[in-house]
Amino acid sequence: MMIINKKLLTPLALAALLSACATGPDAPLRIDTSYTSANQDSRALFLVLHYTVLDYEKSLKVLTSGGMVSSHYLVRDEPPTVYRLVDENRRAWHAGASFWAGHTNLNSSSIGIEIVNPGYTDTPQGRVYAPFSQKQIDEVIKLSKDIVARHNIKPERIIGHADIAPGRKQDPGPAFPWKQFADAGLIGWPDAAQVAAKIPAFTLQPPDIAWAQERLARIGYNVPRHGQPDQLTQETIVTFQMKYRPARYDGQLDAETAALLDVATTPGGMVMSGKAANGSAPQPYTSRF
């Protein structure tokens, strides 16, 4: 049995020794981290993009004060700057009431990026959305690539606020260049050749609303499945068009929209660009939720 001369120990060493030997409810918690389970992934399953509808100063104030809204990142317009406002391990309040592919309450499972942009203005000629500067978009793409790589977020889970709340939200809007996200290898994009090939058939025989609702739901939208052309279905079509056909987003199920929907929900229809990673040709991609 080893005998310790407590007179030879410093007070700090003695305290450490005694705490190590202590047992019972008052003993310090000791956690052994020798083992790591292979059965795990990141808590961040989604990346959600927004615009702020405010200038930089007001955006920063709202997102950091007591306004009951926040995001993990804010991307300034001029000069283009990325700010981290909430640690990625904590929940930011950016998604609100939300749904995507069976998941609800996306605040708990997503990382949010707010982009400084005034949003839209209603004019006598119609609604006009403000553009994003290319330098700002470059920063958003670099930030998104970094987040996606660290959390292994799937391409079909990189979405806009409008996707998870169609009608209630419009951001990041039709001026946001989703095609650049596809070209950067972040998301899939409907194969243009397949879309063009399907347009003539849908021109001759337009699909019904029930078909559109089923396809929109397959993508991930929270759309009704009753076969009626209600407001939510139209708003969901608008949201889909803003992303994949921003030149016209009227909510009508025309032949081109139907072709885009068909290709986006057909195995091999969505193409992932390989240019950003290795310069290879685009590859077919099948979404898996």
# chains A, B, ... in the order shown; residues from 1 in each chain; ligands from 1
call {"tool": "closest_atom_pairs", "arguments": {"of": "region 117-204 of chain A", "to": "region 91-101 of chain A", "cutoff": "7 Å", "atoms": "only C-alpha atoms", "output": "CSV"}}
result
residue,atom,partner,partner_atom,distance
A:His161,CA,A:Ala95,CA,6.8
A:Ile164,CA,A:Phe99,CA,5.0
A:Ala165,CA,A:Ser98,CA,5.6
call {"tool": "residues_around", "arguments": {"residues": "Asp163 (chain A)", "least_positions_apart": "4", "cutoff": "9 Å", "atoms": "only C-alpha atoms", "output": "list in words"}}
result
Ser98, Phe99, Trp100, Ile159, Lys169, Gln170, Asp171, Gly220, Tyr221, Asn222, Thr236, Thr239 and Phe240 of chain A
call {"tool": "residues_around", "arguments": {"residues": "Leu60 (chain A)", "least_positions_apart": "2", "cutoff": "12 Å", "atoms": "only C-alpha atoms", "output": "list in words"}}
result
Thr52, Val53, Leu54, Asp55, Tyr56, Glu57, Lys58, Val62, Leu63, Thr64, Ser65, Gly66, Gly67, Val69, Ser70, Ser71, His72, Tyr73, Leu74, Val75, Arg76, Val82, Tyr83, Arg84, Leu85, Glu114, Ile115 and Val116 of chain A
call {"tool": "atom_distance", "arguments": {"atom1": "CA of Gly269 (chain A)", "atom2": "CA of Gln194 (chain A)"}}
result
7.1 Å
call {"tool": "residues_around", "arguments": {"residues": "Ser109 (chain A)", "least_positions_apart": "3", "cutoff": "8 Å", "atoms": "only C-alpha atoms", "output": "PyMOL selection string"}}
result
chain A and resi 43-46+91+105-106
call {"tool": "closest_atom_pairs", "arguments": {"of": "region 148-221 of chain A", "to": "region 245-267 of chain A", "cutoff": "8 Å", "atoms": "only C-alpha atoms", "output": "Markdown table"}}
result
| residue | atom | partner | partner_atom | distance |
| --- | --- | --- | --- | --- |
| A:Pro174 | CA | A:Pro246 | CA | 5.0 |
| A:Ala175 | CA | A:Pro246 | CA | 7.3 |
| A:Trp189 | CA | A:Ala264 | CA | 7.5 |
| A:Pro190 | CA | A:Ala264 | CA | 5.3 |
| A:Asp191 | CA | A:Val263 | CA | 7.1 |
| A:Gln194 | CA | A:Val263 | CA | 6.7 |
| A:Val195 | CA | A:Ala259 | CA | 5.3 |
| A:Ala196 | CA | A:Ala259 | CA | 7.6 |
| A:Lys198 | CA | A:Ala259 | CA | 5.5 |
| A:Ile199 | CA | A:Ala255 | CA | 5.5 |
| A:Pro200 | CA | A:Ala255 | CA | 7.6 |
| A:Phe202 | CA | A:Ala255 | CA | 4.9 |
| A:Thr203 | CA | A:Ala255 | CA | 5.1 |
| A:Pro206 | CA | A:Ala255 | CA | 6.5 |
| A:Pro207 | CA | A:Ala258 | CA | 7.3 |
| A:Ile209 | CA | A:Leu253 | CA | 8.0 |
| A:Ala212 | CA | A:Ala258 | CA | 7.5 |
| A:Arg215 | CA | A:Leu261 | CA | 6.5 |
| A:Leu216 | CA | A:Leu261 | CA | 7.3 |
| A:Arg218 | CA | A:Thr265 | CA | 6.9 |
| A:Ile219 | CA | A:Thr265 | CA | 6.6 |
